[in-house]
$ cat model_30.cif   # mmCIF, C-alpha atoms and all ligand atoms
data_protein
loop_
_atom_site.label_atom_id
_atom_site.label_comp_id
_atom_site.auth_asym_id
_atom_site.auth_seq_id
_atom_site.Cartn_x
_atom_site.Cartn_y
_atom_site.Cartn_z
CA MET A 1 8.81 102.18 7.46
CA LEU A 2 10.29 104.17 10.32
CA GLY A 3 8.60 103.70 13.67
CA GLY A 4 5.65 106.04 14.06
CA MET A 5 3.00 106.63 16.65
CA PRO A 6 0.85 103.51 16.71
CA SER A 7 -2.62 104.19 15.46
CA ILE A 8 -5.47 102.00 16.60
CA ALA A 9 -8.39 101.25 14.30
CA GLN A 10 -11.89 100.80 15.72
CA THR A 11 -13.83 97.60 15.02
CA GLU A 12 -14.55 97.56 11.31
CA SER A 13 -15.69 95.00 8.82
CA CYS A 14 -13.92 93.23 6.02
CA GLN A 15 -14.97 90.93 3.22
CA VAL A 16 -13.48 87.45 3.08
CA TRP A 17 -13.81 84.29 1.02
CA ARG A 18 -14.47 81.57 3.58
CA THR A 19 -15.24 77.87 3.34
CA SER A 20 -17.21 76.04 6.05
CA ARG A 21 -14.89 73.03 5.59
CA ALA A 22 -12.60 71.55 2.98
CA GLY A 23 -13.93 69.16 0.32
CA SER A 24 -15.53 71.32 -2.35
CA LEU A 25 -14.81 74.65 -3.99
CA ARG A 26 -18.56 75.31 -3.93
CA ARG A 27 -18.42 75.81 -0.16
CA LEU A 28 -16.27 78.89 -0.64
CA LYS A 29 -18.57 81.88 0.03
CA LEU A 30 -18.13 85.61 0.22
CA SER A 31 -18.90 86.89 3.74
CA THR A 32 -18.58 90.07 5.73
CA LEU A 33 -16.83 89.69 9.08
CA PRO A 34 -16.06 92.16 11.87
CA LEU A 35 -12.39 93.08 12.22
CA GLY A 36 -11.13 94.51 15.50
CA ALA A 37 -8.08 96.67 16.08
CA PRO A 38 -4.71 94.92 15.57
CA ALA A 39 -3.20 93.20 18.62
CA PRO A 40 0.00 94.79 20.03
CA HIS A 41 2.31 92.76 17.73
CA GLU A 42 0.08 93.07 14.64
CA VAL A 43 -0.57 95.56 11.88
CA GLN A 44 -3.80 96.07 10.03
CA VAL A 45 -3.44 96.01 6.25
CA ASP A 46 -5.83 97.31 3.62
CA VAL A 47 -5.40 94.56 1.05
CA VAL A 48 -5.06 95.72 -2.55
CA ALA A 49 -4.11 92.51 -4.37
CA ILE A 50 -4.04 88.80 -3.45
CA GLY A 51 -1.78 86.20 -5.06
CA LEU A 52 -3.49 82.95 -6.10
CA ASN A 53 -1.66 79.69 -5.56
CA PHE A 54 -2.39 76.17 -6.72
CA ALA A 55 -2.25 75.26 -3.03
CA ASP A 56 -5.39 77.41 -2.42
CA ILE A 57 -7.38 75.03 -4.60
CA PHE A 58 -5.80 71.94 -3.05
CA ALA A 59 -6.65 73.37 0.40
CA CYS A 60 -10.31 74.02 -0.50
CA LEU A 61 -10.60 70.50 -1.93
CA GLY A 62 -9.02 69.05 1.22
CA LEU A 63 -5.99 67.69 -0.66
CA TYR A 64 -3.40 69.91 1.03
CA SER A 65 -1.67 68.41 4.06
CA ALA A 66 -1.74 71.73 5.96
CA THR A 67 -5.48 72.36 5.36
CA PRO A 68 -7.06 73.66 8.59
CA ALA A 69 -9.83 71.58 10.19
CA GLY A 70 -13.28 73.21 10.03
CA ALA A 71 -13.95 76.65 8.55
CA PHE A 72 -11.09 78.63 7.06
CA ILE A 73 -10.21 81.48 4.74
CA PRO A 74 -7.77 80.39 2.01
CA GLY A 75 -4.87 82.54 0.86
CA LEU A 76 -1.14 82.48 1.49
CA GLU A 77 -0.09 85.95 0.33
CA CYS A 78 -1.28 89.46 -0.46
CA ALA A 79 -0.05 93.04 -0.67
CA GLY A 80 -1.51 96.28 0.53
CA ILE A 81 -1.08 99.37 2.63
CA ILE A 82 -0.75 99.52 6.41
CA ARG A 83 -3.81 101.12 7.94
CA ALA A 84 -3.01 100.77 11.64
CA THR A 85 -0.22 99.41 13.81
CA GLY A 86 -0.40 97.56 17.14
CA SER A 87 1.11 99.20 20.23
CA ALA A 88 4.27 97.01 20.19
CA VAL A 89 5.04 97.51 16.50
CA SER A 90 7.80 100.05 15.96
CA ASN A 91 9.30 99.18 12.57
CA TRP A 92 6.25 99.85 10.39
CA GLN A 93 4.06 102.88 10.00
CA VAL A 94 0.68 103.72 8.56
CA GLY A 95 0.90 104.10 4.78
CA ASP A 96 3.78 101.62 4.26
CA ARG A 97 3.36 99.36 1.21
CA VAL A 98 3.82 95.76 2.28
CA MET A 99 3.88 92.20 0.98
CA VAL A 100 2.24 89.85 3.43
CA LEU A 101 2.64 86.12 4.01
CA THR A 102 -0.44 84.51 5.54
CA ARG A 103 -0.78 80.93 6.71
CA PHE A 104 -4.33 80.95 5.28
CA GLY A 105 -6.52 84.05 5.64
CA GLY A 106 -5.21 85.99 2.64
CA TYR A 107 -8.50 86.09 0.70
CA ALA A 108 -9.65 89.20 2.58
CA THR A 109 -10.09 92.87 1.83
CA ARG A 110 -8.52 93.87 5.14
CA LEU A 111 -6.67 91.83 7.75
CA ASN A 112 -4.68 91.93 10.96
CA VAL A 113 -1.36 90.15 10.65
CA ASP A 114 1.67 89.46 12.86
CA ALA A 115 4.21 92.14 11.86
CA ARG A 116 6.95 89.50 11.43
CA TYR A 117 5.25 88.24 8.25
CA LEU A 118 5.59 91.52 6.31
CA TRP A 119 8.17 92.81 3.85
CA PRO A 120 8.52 96.24 2.28
CA VAL A 121 7.49 96.35 -1.37
CA PRO A 122 10.55 97.15 -3.51
CA PRO A 123 10.16 100.83 -4.48
CA ASP A 124 9.80 100.26 -8.22
CA TRP A 125 7.28 97.39 -7.90
CA SER A 126 3.50 97.70 -8.09
CA LEU A 127 1.31 96.22 -5.35
CA ALA A 128 0.08 93.66 -7.88
CA GLU A 129 3.66 92.49 -8.46
CA ALA A 130 4.24 92.43 -4.71
CA ALA A 131 1.19 90.25 -4.10
CA ALA A 132 2.39 87.86 -6.79
CA TYR A 133 5.88 87.39 -5.41
CA PRO A 134 6.49 85.82 -1.98
CA VAL A 135 5.15 82.24 -2.12
CA GLN A 136 6.28 81.31 -5.60
CA ALA A 137 9.65 83.09 -5.42
CA LEU A 138 10.41 81.55 -1.99
CA THR A 139 9.45 78.15 -3.41
CA ALA A 140 11.78 78.53 -6.39
CA TRP A 141 14.63 79.75 -4.19
CA TYR A 142 14.22 77.05 -1.54
CA GLY A 143 13.91 74.20 -4.02
CA LEU A 144 16.73 75.26 -6.33
CA LEU A 145 19.31 76.55 -3.86
CA PRO A 146 19.13 75.20 -0.29
CA LEU A 147 17.79 71.83 -1.53
CA GLY A 148 18.81 71.59 -5.18
CA GLN A 149 22.30 73.13 -4.75
CA VAL A 150 22.15 74.43 -8.33
CA THR A 151 25.42 76.02 -9.48
CA VAL A 152 26.86 77.43 -12.70
CA ASP A 153 26.40 74.93 -15.54
CA SER A 154 24.09 72.60 -13.57
CA LEU A 155 21.62 71.04 -15.99
CA VAL A 156 18.09 71.47 -14.61
CA LEU A 157 14.86 69.90 -15.82
CA LEU A 158 12.14 72.41 -14.86
CA HIS A 159 8.51 71.29 -14.89
CA SER A 160 5.53 73.68 -15.36
CA ALA A 161 7.99 76.31 -16.55
CA ALA A 162 5.28 78.73 -17.70
CA GLY A 163 3.51 78.70 -14.32
CA GLY A 164 3.95 80.92 -11.30
CA VAL A 165 6.75 78.99 -9.59
CA GLY A 166 8.20 77.98 -12.96
CA LEU A 167 8.77 81.53 -14.21
CA ASN A 168 10.46 82.45 -10.93
CA ALA A 169 12.64 79.36 -11.27
CA LEU A 170 13.57 80.38 -14.84
CA GLN A 171 14.70 83.76 -13.57
CA ALA A 172 16.68 82.11 -10.76
CA LEU A 173 18.37 79.68 -13.16
CA GLU A 174 19.36 82.52 -15.46
CA GLN A 175 20.86 84.36 -12.50
CA LEU A 176 22.75 81.19 -11.47
CA GLN A 177 23.90 80.63 -15.08
CA ALA A 178 22.54 77.11 -15.01
CA LYS A 179 21.36 75.25 -18.11
CA VAL A 180 17.66 74.54 -18.33
CA ILE A 181 15.29 72.21 -20.12
CA ALA A 182 11.81 73.64 -19.56
CA VAL A 183 8.75 71.35 -19.54
CA VAL A 184 5.19 72.52 -20.25
CA GLY A 185 1.87 70.81 -20.81
CA SER A 186 0.97 72.31 -24.19
CA GLN A 187 2.35 73.58 -27.49
CA SER A 188 0.84 77.02 -26.90
CA LYS A 189 2.76 77.39 -23.63
CA ALA A 190 5.93 76.27 -25.41
CA GLU A 191 5.45 79.01 -28.02
CA TRP A 192 4.68 81.56 -25.32
CA LEU A 193 7.90 80.66 -23.46
CA GLN A 194 9.91 81.11 -26.65
CA GLU A 195 8.34 84.50 -27.31
CA THR A 196 8.50 85.93 -23.80
CA GLN A 197 11.32 84.18 -21.96
CA SER A 198 13.88 83.99 -24.74
CA LEU A 199 14.13 80.20 -24.54
CA ALA A 200 15.19 78.34 -27.68
CA ALA A 201 12.84 75.70 -29.11
CA GLU A 202 15.30 72.92 -28.23
CA GLN A 203 15.21 73.99 -24.57
CA ILE A 204 11.49 73.25 -24.30
CA VAL A 205 9.89 69.82 -23.92
CA ILE A 206 6.16 69.16 -24.03
CA ARG A 207 4.76 66.78 -21.43
CA ASP A 208 2.94 64.33 -23.69
CA ARG A 209 3.01 60.56 -24.19
CA HIS A 210 6.42 60.85 -25.88
CA PHE A 211 7.85 62.64 -22.85
CA ALA A 212 10.60 60.11 -22.09
CA GLN A 213 11.88 60.11 -25.70
CA ARG A 214 11.74 63.90 -25.76
CA LEU A 215 13.95 64.00 -22.65
CA ASP A 216 16.46 61.65 -24.31
CA GLN A 217 16.54 63.91 -27.39
CA ALA A 218 17.07 66.98 -25.20
CA LEU A 219 19.94 65.30 -23.33
CA ALA A 220 21.50 64.06 -26.57
CA SER A 221 21.38 67.53 -28.13
CA LEU A 222 23.31 68.87 -25.12
CA GLY A 223 25.73 65.94 -25.07
CA ALA A 224 24.68 65.34 -21.45
CA LYS A 225 24.31 61.98 -19.71
CA GLY A 226 21.65 63.15 -17.26
CA PHE A 227 20.09 66.02 -15.34
CA ASP A 228 21.78 67.40 -12.23
CA VAL A 229 18.46 68.58 -10.83
CA VAL A 230 14.81 67.91 -11.65
CA PHE A 231 12.36 70.47 -10.21
CA ASP A 232 8.91 68.93 -10.26
CA ALA A 233 5.46 69.65 -8.78
CA VAL A 234 3.54 67.49 -11.29
CA TYR A 235 4.64 63.99 -10.11
CA GLY A 236 2.49 61.11 -11.45
CA PRO A 237 3.52 59.69 -14.82
CA VAL A 238 6.44 62.09 -15.37
CA PHE A 239 8.23 61.22 -12.16
CA GLU A 240 10.01 58.05 -13.25
CA SER A 241 11.03 59.51 -16.63
CA GLY A 242 12.83 62.33 -14.83
CA PHE A 243 14.23 60.33 -11.91
CA ASN A 244 15.71 57.70 -14.23
CA ARG A 245 17.50 60.44 -16.16
CA LEU A 246 19.26 62.00 -13.19
CA ALA A 247 23.05 62.11 -13.50
CA PRO A 248 25.10 60.53 -10.69
CA GLU A 249 24.77 62.90 -7.67
CA GLY A 250 21.57 64.22 -9.27
CA ARG A 251 18.82 65.64 -7.00
CA TYR A 252 15.12 65.21 -7.69
CA ILE A 253 13.26 68.07 -5.97
CA LEU A 254 9.60 67.17 -5.57
CA TYR A 255 7.31 69.87 -4.19
CA GLY A 256 3.79 69.10 -5.40
CA ALA A 257 1.51 66.67 -7.19
CA ALA A 258 -0.53 68.69 -9.71
CA ASP A 259 -1.28 65.42 -11.49
CA PHE A 260 -3.74 64.63 -8.68
CA MET A 261 -5.81 67.70 -9.66
CA ASN A 262 -9.02 67.26 -11.59
CA THR A 263 -11.09 69.98 -13.18
CA GLY A 264 -14.32 69.69 -11.14
CA SER A 265 -15.43 71.45 -7.96
CA PHE A 266 -15.10 68.26 -5.91
CA ALA A 267 -12.01 66.17 -5.25
CA ASN A 268 -13.34 63.03 -7.07
CA PRO A 269 -12.27 60.37 -4.55
CA LEU A 270 -12.33 57.47 -7.03
CA ARG A 271 -9.98 59.14 -9.47
CA LEU A 272 -7.75 60.20 -6.58
CA ALA A 273 -7.66 56.73 -5.09
CA TRP A 274 -6.72 55.28 -8.50
CA ARG A 275 -3.92 57.81 -8.97
CA TYR A 276 -2.74 57.34 -5.40
CA LEU A 277 -2.54 53.55 -5.74
CA ARG A 278 -0.65 53.86 -9.01
CA ARG A 279 1.71 56.55 -7.74
CA PRO A 280 5.41 56.02 -8.49
CA ARG A 281 7.58 54.71 -5.67
CA LEU A 282 11.32 54.57 -5.16
CA ASP A 283 13.61 51.82 -3.92
CA PRO A 284 16.26 53.35 -1.60
CA LEU A 285 18.68 50.52 -2.37
CA THR A 286 18.63 51.42 -6.05
CA MET A 287 19.21 55.02 -5.11
CA ILE A 288 22.43 54.01 -3.36
CA SER A 289 23.80 52.14 -6.34
CA GLN A 290 22.78 54.89 -8.77
CA ASN A 291 23.98 57.70 -6.51
CA ARG A 292 20.77 59.71 -6.93
CA GLY A 293 18.66 61.48 -4.36
CA LEU A 294 15.17 62.81 -3.71
CA ARG A 295 14.32 65.88 -1.63
CA ALA A 296 10.71 66.85 -1.04
CA PHE A 297 9.30 69.91 0.69
CA ASN A 298 6.26 71.96 1.56
CA LEU A 299 7.14 75.61 2.11
CA ILE A 300 4.37 76.06 4.69
CA TRP A 301 6.90 74.59 7.11
CA LEU A 302 8.80 77.93 6.92
CA TRP A 303 5.78 79.79 8.37
CA ASP A 304 6.50 78.10 11.70
CA GLU A 305 10.19 79.01 11.46
CA VAL A 306 9.48 82.70 11.56
CA GLU A 307 12.98 83.66 12.71
CA ARG A 308 14.34 82.15 9.47
CA LEU A 309 11.98 84.09 7.22
CA PRO A 310 13.94 87.38 7.00
CA LYS A 311 17.05 85.62 5.66
CA ALA A 312 14.95 83.41 3.41
CA MET A 313 13.22 86.45 1.93
CA HIS A 314 16.50 88.35 1.62
CA ASP A 315 18.17 85.47 -0.21
CA THR A 316 15.12 85.06 -2.44
CA LEU A 317 15.15 88.72 -3.45
CA GLN A 318 18.88 88.42 -4.23
CA LEU A 319 18.29 85.38 -6.44
CA ILE A 320 15.06 86.61 -8.05
CA PRO A 321 15.29 90.40 -8.06
CA LYS A 322 12.85 91.15 -10.88
CA PRO A 323 9.11 91.50 -10.28
CA PRO A 324 7.10 88.42 -11.23
CA VAL A 325 5.30 87.83 -14.52
CA LEU A 326 1.58 88.57 -14.05
CA GLY A 327 -0.75 86.20 -15.83
CA GLY A 328 -4.07 87.97 -15.25
CA HIS A 329 -6.26 89.50 -12.57
CA TYR A 330 -9.86 89.18 -11.39
CA PRO A 331 -11.97 91.36 -9.12
CA PHE A 332 -12.03 90.14 -5.51
CA GLU A 333 -15.65 89.10 -5.97
CA ALA A 334 -14.69 86.73 -8.83
CA ALA A 335 -12.55 84.33 -6.76
CA HIS A 336 -14.39 81.25 -8.10
CA GLU A 337 -13.72 82.20 -11.70
CA ALA A 338 -10.07 82.92 -10.95
CA MET A 339 -9.59 79.61 -9.13
CA GLN A 340 -11.26 77.64 -11.93
CA THR A 341 -8.92 79.28 -14.43
CA LEU A 342 -5.87 78.30 -12.36
CA GLN A 343 -7.25 74.80 -11.77
CA ALA A 344 -7.63 74.22 -15.53
CA GLY A 345 -3.83 74.26 -15.84
CA GLN A 346 -3.63 76.63 -18.82
CA THR A 347 -2.38 79.82 -17.11
CA ARG A 348 0.94 81.52 -17.74
CA GLY A 349 2.41 83.52 -14.88
CA LYS A 350 0.60 84.57 -11.75
CA LEU A 351 -3.13 85.12 -11.25
CA LEU A 352 -4.34 87.77 -8.82
CA LEU A 353 -7.50 88.94 -7.13
CA VAL A 354 -7.72 92.71 -6.95
CA VAL A 355 -9.75 94.50 -4.28
CA SER A 356 -11.61 97.08 -6.30
CA ALA A 357 -12.94 99.06 -3.33
CA HIS A 358 -9.59 100.80 -3.08
CA GLN A 359 -8.62 103.88 -4.94
CA HIS A 360 -4.98 102.74 -4.97
CA ASP A 361 -4.07 101.39 -8.35
CA PRO A 362 -2.42 98.01 -7.71
CA PHE A 363 -0.73 98.08 -11.09
CA MET A 364 0.81 101.50 -10.60
CA ARG A 365 4.52 101.02 -10.00
CA GLY A 366 6.37 102.56 -7.09
CA ALA A 367 5.41 104.16 -3.81
CA ARG A 368 2.24 106.19 -3.56
N1 LIG B 1 5.67 72.52 -1.85
C1 LIG B 1 5.48 73.82 -1.78
O1 LIG B 1 5.86 74.44 -0.80
C2 LIG B 1 4.83 74.52 -2.92
C3 LIG B 1 4.78 75.92 -2.92
C4 LIG B 1 4.19 76.56 -4.04
C5 LIG B 1 3.68 75.78 -5.08
N2 LIG B 1 3.73 74.43 -5.00
C6 LIG B 1 3.23 73.59 -6.09
O2 LIG B 1 3.89 74.03 -7.25
C7 LIG B 1 3.07 73.87 -8.39
C8 LIG B 1 3.01 75.18 -9.14
O3 LIG B 1 2.29 76.10 -8.34
P1 LIG B 1 1.79 77.47 -8.95
O4 LIG B 1 0.93 78.09 -7.92
O5 LIG B 1 2.97 78.22 -9.47
O6 LIG B 1 0.86 77.01 -10.14
P2 LIG B 1 1.11 77.09 -11.72
O7 LIG B 1 2.42 76.43 -12.05
O8 LIG B 1 0.91 78.49 -12.16
O9 LIG B 1 -0.08 76.18 -12.23
C9 LIG B 1 -0.04 74.77 -12.02
C10 LIG B 1 0.46 74.06 -13.29
O10 LIG B 1 0.49 72.67 -13.04
C11 LIG B 1 0.52 71.99 -14.29
N3 LIG B 1 -0.33 70.80 -14.21
C12 LIG B 1 0.11 69.53 -14.36
N4 LIG B 1 -0.89 68.66 -14.21
C13 LIG B 1 -2.01 69.37 -13.97
C14 LIG B 1 -3.38 69.00 -13.73
N5 LIG B 1 -3.80 67.73 -13.68
N6 LIG B 1 -4.28 70.01 -13.53
C15 LIG B 1 -3.89 71.30 -13.56
N7 LIG B 1 -2.59 71.70 -13.76
C16 LIG B 1 -1.66 70.74 -13.96
C17 LIG B 1 0.03 73.02 -15.33
O11 LIG B 1 1.17 73.46 -16.10
P3 LIG B 1 1.89 72.51 -17.18
O12 LIG B 1 0.78 71.65 -17.76
O13 LIG B 1 2.48 73.45 -18.15
O14 LIG B 1 2.89 71.70 -16.41
C18 LIG B 1 -0.44 74.19 -14.49
O15 LIG B 1 -0.34 75.42 -15.15
C19 LIG B 1 1.72 73.39 -7.87
O16 LIG B 1 1.63 71.99 -8.03
C20 LIG B 1 1.76 73.76 -6.40
O17 LIG B 1 0.94 72.95 -5.62
C21 LIG B 1 4.29 73.79 -3.95
#
$ encode --input "model_30.cif" --output "structure tokens"
Amino acid sequence: MLGGMPSIAQTESCQVWRTSRAGSLRRLKLSTLPLGAPAPHEVQVDVVAIGLNFADIFACLGLYSATPAGAFIPGLECAGIIRATGSAVSNWQVGDRVMVLTRFGGYATRLNVDARYLWPVPPDWSLAEAAAYPVQALTAWYGLLPLGQVTVDSLVLLHSAAGGVGLNALQALEQLQAKVIAVVGSQSKAEWLQETQSLAAEQIVIRDRHFAQRLDQALASLGAKGFDVVFDAVYGPVFESGFNRLAPEGRYILYGAADFMNTGSFANPLRLAWRYLRRPRLDPLTMISQNRGLRAFNLIWLWDEVERLPKAMHDTLQLIPKPPVLGGHYPFEAAHEAMQTLQAGQTRGKLLLVVSAHQHDPFMRGAR
């Protein structure tokens, strides 16, 4: 990515998935839009693969706090090849393989992006792996280290362990030599984790109506009085079971509320209102006497702290150096199918959209 002569693309077109406004996945439509040359501080990227996030669905349904008003293109990350550079960009050149963070706008076949939101793809990674990495790895890093302060021998209760963030968190916890109890929503995911992630059966808990008793059994088998950290983006009925089993000084890291998700194309306001009214709440006075804490975060906040991103990404790659586990891919045109699959809550690893118009093979490892 040495500085090269900037090359300026003429006005071209790109395909995007765009919704006229949040509220229903059905409003998400494939459109062709004109794309001008990159501004001086931007690069133009030919997108090869796009990482899907649960937040994309929440955004389209209007349940994500950072959802833009009016029309928007979902998508928080992708990977591709630089096609043109703006006149003020000196540290990237045409042909570089890049991972891209986008604050929305990632569901596109080609895009112009501020050059500060790019990272080089590690040489032995494919573009598919690169597209799958930034959001979920940054989330796992931020929640477990800066907030969770996980250290050697910390005991961590990890929710949705077979999902995108969850598998990154498993890798991070292994690197930190922490102890983990992994939670999943089904027996088949539990078996998959045992087969692929070398977790023992007693390290896995299924989130069913016996969840609280299962946590007590897991703690008893370890001879532990409580968890040092709970890492949870499910919330709802599992929250209190985990919070009440934090050890003194324990940290509950809450970063999502997948329990609010339903399976339809619309947000289902009645169901949401019911869940919202019944949501668990905490009493700060009890937290003092029990010496437990809650930290909550939305990573989108880091997008506005762009000067912090290089260190955040560096630290994330140190903690989670292996490419992510890919859970499946769909052609760019099949975004609805891909999102419905993710929404159903049965996926393992990361789902991708792949832009088929390119000759580059996104699954081919290493530089072109
Ligand atoms: N705060 C942030 O900055 C941030 C950043 C990234 C992701 N997140 C959140 O982290 C979570 C994981 O994200 P991800 O993209 O890696 O997704 P994922 O874990 O691959 O998929 C979401 C998982 O949520 C679980 N789930 C629980 N209740 C569900 C329900 N009612 N409907 C559907 N799924 C349900 C399912 O796994 P199990 O049933 O096995 O638990 C499902 O596989 C999401 O909740 C997301 O919103 C937050």
$ closest_residue --input "model_30.cif" --among "A:Gly223, A:Pro284, A:Gly328, A:Pro34" --to "ligand LIG 1 (chain B)" --atoms "all atoms listed in the file"
A:Gly328
$ closest_atom_pairs --input "model_30.cif" --of "chain A" --to "ligand LIG 1 (chain B)" --cutoff "7 Å" --atoms "only C-alpha atoms and all ligand atoms" --output "CSV"
residue,atom,partner,partner_atom,distance
A:Leu52,CA,B:LIG1,O4,6.8
A:Asn53,CA,B:LIG1,O4,3.9
A:Phe54,CA,B:LIG1,O4,4.0
A:Ala55,CA,B:LIG1,O17,4.7
A:Val135,CA,B:LIG1,C4,6.1
A:Gln136,CA,B:LIG1,C4,5.4
A:Thr139,CA,B:LIG1,C3,5.2
A:His159,CA,B:LIG1,O14,5.8
A:Ser160,CA,B:LIG1,O14,3.5
A:Ala161,CA,B:LIG1,O13,6.4
A:Ala162,CA,B:LIG1,O13,6.0
A:Gly163,CA,B:LIG1,O8,3.4
A:Gly164,CA,B:LIG1,O5,3.4
A:Val165,CA,B:LIG1,O5,3.9
A:Gly166,CA,B:LIG1,O7,6.1
A:Val183,CA,B:LIG1,O14,6.7
A:Val184,CA,B:LIG1,O13,3.6
A:Gly185,CA,B:LIG1,O12,3.3
A:Ser186,CA,B:LIG1,O13,6.3
A:Lys189,CA,B:LIG1,O13,6.8
A:Ala233,CA,B:LIG1,O16,4.6
A:Val234,CA,B:LIG1,C12,5.0
A:Tyr255,CA,B:LIG1,N1,3.9
A:Gly256,CA,B:LIG1,O16,4.5
A:Ala257,CA,B:LIG1,O16,5.4
A:Ala258,CA,B:LIG1,O16,4.3
A:Asp259,CA,B:LIG1,N5,4.1
A:Phe260,CA,B:LIG1,N5,5.9
A:Met261,CA,B:LIG1,N5,4.5
A:Asn262,CA,B:LIG1,N5,5.6
A:Thr263,CA,B:LIG1,N6,6.8
A:Phe297,CA,B:LIG1,N1,5.1
A:Asn298,CA,B:LIG1,O1,3.4
A:Leu299,CA,B:LIG1,O1,3.4
A:Ile300,CA,B:LIG1,O1,5.9
A:Leu342,CA,B:LIG1,O9,6.2
A:Gln343,CA,B:LIG1,C15,5.2
A:Ala344,CA,B:LIG1,C15,5.1
A:Gly345,CA,B:LIG1,N7,3.5
A:Gln346,CA,B:LIG1,O15,5.1
A:Thr347,CA,B:LIG1,O15,5.2
A:Arg348,CA,B:LIG1,O8,6.3
A:Gly349,CA,B:LIG1,O8,5.9
A:Lys350,CA,B:LIG1,O8,6.1
$ residues_around --input "model_30.cif" --residues "range 150-158 of chain A" --least-positions-apart "3" --cutoff "9 Å" --atoms "all atoms listed in the file" --output "list in words"
Leu144, Leu145, Pro146, Leu147, Ala161, Gly166, Ala169, Leu170, Leu173, Leu176, Gln177, Ala178, Lys179, Val180, Ile181, Ala182, Val183, Val184, Ala224, Gly226, Phe227, Asp228, Val229, Val230, Phe231, Asp232 and Gly242 of chain A
$ write_last_selection --input "model_30.cif" --atoms "C-alpha atoms" --output "PDB file, in the coordinates of the input"
ATOM      1  CA  LEU A 144      16.730  75.260  -6.330  1.00  0.00           C
ATOM      2  CA  LEU A 145      19.310  76.550  -3.860  1.00  0.00           C
ATOM      3  CA  PRO A 146      19.130  75.200  -0.290  1.00  0.00           C
ATOM      4  CA  LEU A 147      17.790  71.830  -1.530  1.00  0.00           C
ATOM      5  CA  ALA A 161       7.990  76.310 -16.550  1.00  0.00           C
ATOM      6  CA  GLY A 166       8.200  77.980 -12.960  1.00  0.00           C
ATOM      7  CA  ALA A 169      12.640  79.360 -11.270  1.00  0.00           C
ATOM      8  CA  LEU A 170      13.570  80.380 -14.840  1.00  0.00           C
ATOM      9  CA  LEU A 173      18.370  79.680 -13.160  1.00  0.00           C
ATOM     10  CA  LEU A 176      22.750  81.190 -11.470  1.00  0.00           C
ATOM     11  CA  GLN A 177      23.900  80.630 -15.080  1.00  0.00           C
ATOM     12  CA  ALA A 178      22.540  77.110 -15.010  1.00  0.00           C
ATOM     13  CA  LYS A 179      21.360  75.250 -18.110  1.00  0.00           C
ATOM     14  CA  VAL A 180      17.660  74.540 -18.330  1.00  0.00           C
ATOM     15  CA  ILE A 181      15.290  72.210 -20.120  1.00  0.00           C
ATOM     16  CA  ALA A 182      11.810  73.640 -19.560  1.00  0.00           C
ATOM     17  CA  VAL A 183       8.750  71.350 -19.540  1.00  0.00           C
ATOM     18  CA  VAL A 184       5.190  72.520 -20.250  1.00  0.00           C
ATOM     19  CA  ALA A 224      24.680  65.340 -21.450  1.00  0.00           C
ATOM     20  CA  GLY A 226      21.650  63.150 -17.260  1.00  0.00           C
ATOM     21  CA  PHE A 227      20.090  66.020 -15.340  1.00  0.00           C
ATOM     22  CA  ASP A 228      21.780  67.400 -12.230  1.00  0.00           C
ATOM     23  CA  VAL A 229      18.460  68.580 -10.830  1.00  0.00           C
ATOM     24  CA  VAL A 230      14.810  67.910 -11.650  1.00  0.00           C
ATOM     25  CA  PHE A 231      12.360  70.470 -10.210  1.00  0.00           C
ATOM     26  CA  ASP A 232       8.910  68.930 -10.260  1.00  0.00           C
ATOM     27  CA  GLY A 242      12.830  62.330 -14.830  1.00  0.00           C
TER      28      GLY A 242
END
$ closest_residue --input "model_30.cif" --among "A:Arg97, A:Arg116, A:Lys29, A:Arg245" --to "Asp304 in chain A" --atoms "all atoms listed in the file"
A:Arg116
$ atom_distance --input "model_30.cif" --atom1 "CA of Val47 in chain A" --atom2 "CA of Arg21 in chain A"
24.0 Å
$ atom_distance --input "model_30.cif" --atom1 "CA of Gly62 in chain A" --atom2 "CA of Gly23 in chain A"
5.0 Å
$ residues_around --input "model_30.cif" --residues "Asp361 in chain A" --least-positions-apart "5" --cutoff "10 Å" --atoms "only C-alpha atoms" --output "NGL selection string"
:A and (48-49 or 126-128 or 354-356 or 368)
$ atom_distance --input "model_30.cif" --atom1 "CA of Arg209 in chain A" --atom2 "CA of Val238 in chain A"
9.6 Å
$ residues_around --input "model_30.cif" --residues "Asn291 in chain A" --least-positions-apart "2" --cutoff "10 Å" --atoms "all atoms listed in the file" --output "list of chain:residue names"
A:Leu246, A:Ala247, A:Pro248, A:Glu249, A:Gly250, A:Arg251, A:Leu285, A:Thr286, A:Met287, A:Ile288, A:Ser289, A:Gly293
$ closest_residue --input "model_30.cif" --among "A:Trp141, A:Tyr252, A:Tyr117, A:Phe58" --to "Thr102 in chain A" --atoms "all atoms listed in the file"
A:Tyr117
$ closest_residue --input "model_30.cif" --among "A:Val325, A:Ala88, A:Gln217, A:Tyr276" --to "Gln197 in chain A" --atoms "only C-alpha atoms"
A:Val325
$ residues_around --input "model_30.cif" --residues "Gly95 in chain A" --least-positions-apart "3" --cutoff "7 Å" --atoms "all atoms listed in the file" --output "VMD selection string"
chain A and resid 81 to 83
